[in-house]
Amino acid sequence: LQIACQRLEGTDDEYVVMPPREDLALFFGLHNRLLHQHPGEAFPGEAINPNIDFGAVESQFLQQDHHAVVIDDFFTDDVLQSLRDFLLETTMWMDVKRGYVGSYLRTGFACRLLAQIDEQLRLSLPRLLGN
C-alpha cells in the first residue's frame with residue numbers, strides 16, 4: 001500500500017514487477033479501456049452563461065501581463081451538472097502521472113457537450129481563440 005501511495009503522489013523512484021497471476025487476468029484485460037461513456041449531450045441554447053461580457057473578458061486578458069482572468073458562474077447550472085456527470089461517469093481517465101489523472105480525445109474525453117462548449121468559446125472569444 002505504501003508503494004501505491006508513493007506512486008500516486010509521485011514520490012516513488014521504483015516500480016514493482018508482479019509475476020503473472022491467472023486470478024488477475026480479467027482485471028488487467030479491462031485496464032485502459034473505455035468501458036462506459038456518459039452521453040454528454042449538447043444543450044439547447046447556450047452552454048455558457050449568456051450574461052458574461054466576453055468583450056470585456058478579452059480586453060482584460062489582453063491588457064494584463066500575466067494573461068489570466070477569472071470568470072464566475074461560467075456555466076449554467078444544468079450544463080455544469082451534465083459536465084460533472086460526464087467527467088465522473090466516463091471511464092476515460094487512463095493517464096496517471098505524478099499525482100494527477102488525464103484523458104484525451106482518443107481515450108474518451110469527447111462528447112457533444114464539450115464540442116458545444118468549444119464552439120461557443122471560439123465564437124465568444126474570437127481575439128483569443130479565433131477559429
# chains A, B, ... in the order shown; residues from 1 in each chain; ligands from 1
$ select_by_dssp --residues "chain A" --states "strand (DSSP E)" --output "JSON, numbers by chain"
{"A": [95, 96, 97, 100, 101, 102]}
$ write_last_selection --atoms "all heavy atoms" --output "PDB file, in the first residue's frame"
ATOM      1  N   ASP A  95      -4.421   8.049 -17.997  1.00  0.00           N
ATOM      2  CA  ASP A  95      -3.052   8.545 -17.918  1.00  0.00           C
ATOM      3  C   ASP A  95      -2.803   9.032 -16.498  1.00  0.00           C
ATOM      4  O   ASP A  95      -3.446   9.969 -16.040  1.00  0.00           O
ATOM      5  CB  ASP A  95      -2.861   9.686 -18.928  1.00  0.00           C
ATOM      6  CG  ASP A  95      -1.415  10.069 -19.108  1.00  0.00           C
ATOM      7  OD1 ASP A  95      -0.534   9.368 -18.591  1.00  0.00           O
ATOM      8  OD2 ASP A  95      -1.161  11.089 -19.768  1.00  0.00           O
ATOM      9  N   VAL A  96      -1.905   8.378 -15.791  1.00  0.00           N
ATOM     10  CA  VAL A  96      -1.600   8.745 -14.412  1.00  0.00           C
ATOM     11  C   VAL A  96      -0.150   9.194 -14.357  1.00  0.00           C
ATOM     12  O   VAL A  96       0.758   8.457 -14.736  1.00  0.00           O
ATOM     13  CB  VAL A  96      -1.815   7.549 -13.453  1.00  0.00           C
ATOM     14  CG1 VAL A  96      -1.479   7.933 -12.026  1.00  0.00           C
ATOM     15  CG2 VAL A  96      -3.237   7.032 -13.565  1.00  0.00           C
ATOM     16  N   LYS A  97       0.052  10.431 -13.881  1.00  0.00           N
ATOM     17  CA  LYS A  97       1.409  10.969 -13.763  1.00  0.00           C
ATOM     18  C   LYS A  97       1.499  11.825 -12.506  1.00  0.00           C
ATOM     19  O   LYS A  97       0.675  12.717 -12.305  1.00  0.00           O
ATOM     20  CB  LYS A  97       1.758  11.854 -14.965  1.00  0.00           C
ATOM     21  CG  LYS A  97       1.843  11.130 -16.269  1.00  0.00           C
ATOM     22  CD  LYS A  97       2.167  12.092 -17.385  1.00  0.00           C
ATOM     23  CE  LYS A  97       2.170  11.386 -18.720  1.00  0.00           C
ATOM     24  NZ  LYS A  97       2.368  12.306 -19.827  1.00  0.00           N
ATOM     25  N   TYR A 100      -1.768  13.136 -10.682  1.00  0.00           N
ATOM     26  CA  TYR A 100      -2.966  13.560 -11.402  1.00  0.00           C
ATOM     27  C   TYR A 100      -3.328  12.514 -12.443  1.00  0.00           C
ATOM     28  O   TYR A 100      -2.521  11.673 -12.798  1.00  0.00           O
ATOM     29  CB  TYR A 100      -2.807  14.944 -12.045  1.00  0.00           C
ATOM     30  CG  TYR A 100      -1.882  14.993 -13.237  1.00  0.00           C
ATOM     31  CD1 TYR A 100      -2.354  14.739 -14.519  1.00  0.00           C
ATOM     32  CD2 TYR A 100      -0.543  15.304 -13.098  1.00  0.00           C
ATOM     33  CE1 TYR A 100      -1.525  14.786 -15.618  1.00  0.00           C
ATOM     34  CE2 TYR A 100       0.297  15.363 -14.187  1.00  0.00           C
ATOM     35  CZ  TYR A 100      -0.197  15.098 -15.439  1.00  0.00           C
ATOM     36  OH  TYR A 100       0.619  15.141 -16.533  1.00  0.00           O
ATOM     37  N   VAL A 101      -4.567  12.586 -12.892  1.00  0.00           N
ATOM     38  CA  VAL A 101      -5.016  11.683 -13.949  1.00  0.00           C
ATOM     39  C   VAL A 101      -5.349  12.504 -15.183  1.00  0.00           C
ATOM     40  O   VAL A 101      -5.695  13.673 -15.090  1.00  0.00           O
ATOM     41  CB  VAL A 101      -6.242  10.842 -13.520  1.00  0.00           C
ATOM     42  CG1 VAL A 101      -5.871   9.887 -12.405  1.00  0.00           C
ATOM     43  CG2 VAL A 101      -7.393  11.720 -13.099  1.00  0.00           C
ATOM     44  N   GLY A 102      -5.229  11.884 -16.338  1.00  0.00           N
ATOM     45  CA  GLY A 102      -5.501  12.597 -17.579  1.00  0.00           C
ATOM     46  C   GLY A 102      -6.291  11.749 -18.541  1.00  0.00           C
ATOM     47  O   GLY A 102      -6.346  10.526 -18.439  1.00  0.00           O
TER      48      GLY A 102
END
$ closest_atom_pairs --of "range 86-129 of chain A" --to "range 46-58 of chain A" --cutoff "9 Å" --atoms "only C-alpha atoms" --output "tab-separated table"
residue	atom	partner	partner_atom	distance
A:Leu113	CA	A:Ala47	CA	7.9
A:Gln116	CA	A:Ala47	CA	7.1
A:Ile117	CA	A:Ala47	CA	6.2
A:Gln120	CA	A:Ile48	CA	7.3
A:Leu121	CA	A:Ile48	CA	8.1
A:Ser124	CA	A:Phe54	CA	6.1
A:Leu125	CA	A:Phe54	CA	6.4
A:Pro126	CA	A:Glu58	CA	8.6
A:Arg127	CA	A:Glu58	CA	7.0
A:Leu128	CA	A:Glu58	CA	6.8
$ write_last_selection --atoms "C-alpha atoms" --output "PDB file, in the first residue's frame"
ATOM      1  CA  LEU A 113     -21.463  18.954 -24.806  1.00  0.00           C
ATOM      2  CA  GLN A 116     -20.747  22.765 -27.953  1.00  0.00           C
ATOM      3  CA  ILE A 117     -18.634  24.476 -25.267  1.00  0.00           C
ATOM      4  CA  GLN A 120     -19.314  28.737 -28.095  1.00  0.00           C
ATOM      5  CA  LEU A 121     -15.937  29.706 -26.621  1.00  0.00           C
ATOM      6  CA  SER A 124     -17.371  34.333 -27.790  1.00  0.00           C
ATOM      7  CA  LEU A 125     -13.611  34.962 -27.662  1.00  0.00           C
ATOM      8  CA  PRO A 126     -12.542  35.471 -31.290  1.00  0.00           C
ATOM      9  CA  ARG A 127      -9.490  37.609 -30.423  1.00  0.00           C
ATOM     10  CA  LEU A 128      -8.177  34.943 -28.069  1.00  0.00           C
TER      11      LEU A 128
END
$ closest_residue --among "A:Gln60, A:Thr107, A:Asn32, A:Gln37" --to "Glu89 in chain A" --atoms "only C-alpha atoms"
A:Gln37
$ closest_residue --among "A:Gly130, A:Pro19, A:Pro39, A:Gly99" --to "Leu83 in chain A" --atoms "only C-alpha atoms"
A:Pro39
$ closest_residue --among "A:Ala110, A:Met94, A:Ala115, A:Val70" --to "His38 in chain A" --atoms "only C-alpha atoms"
A:Ala110
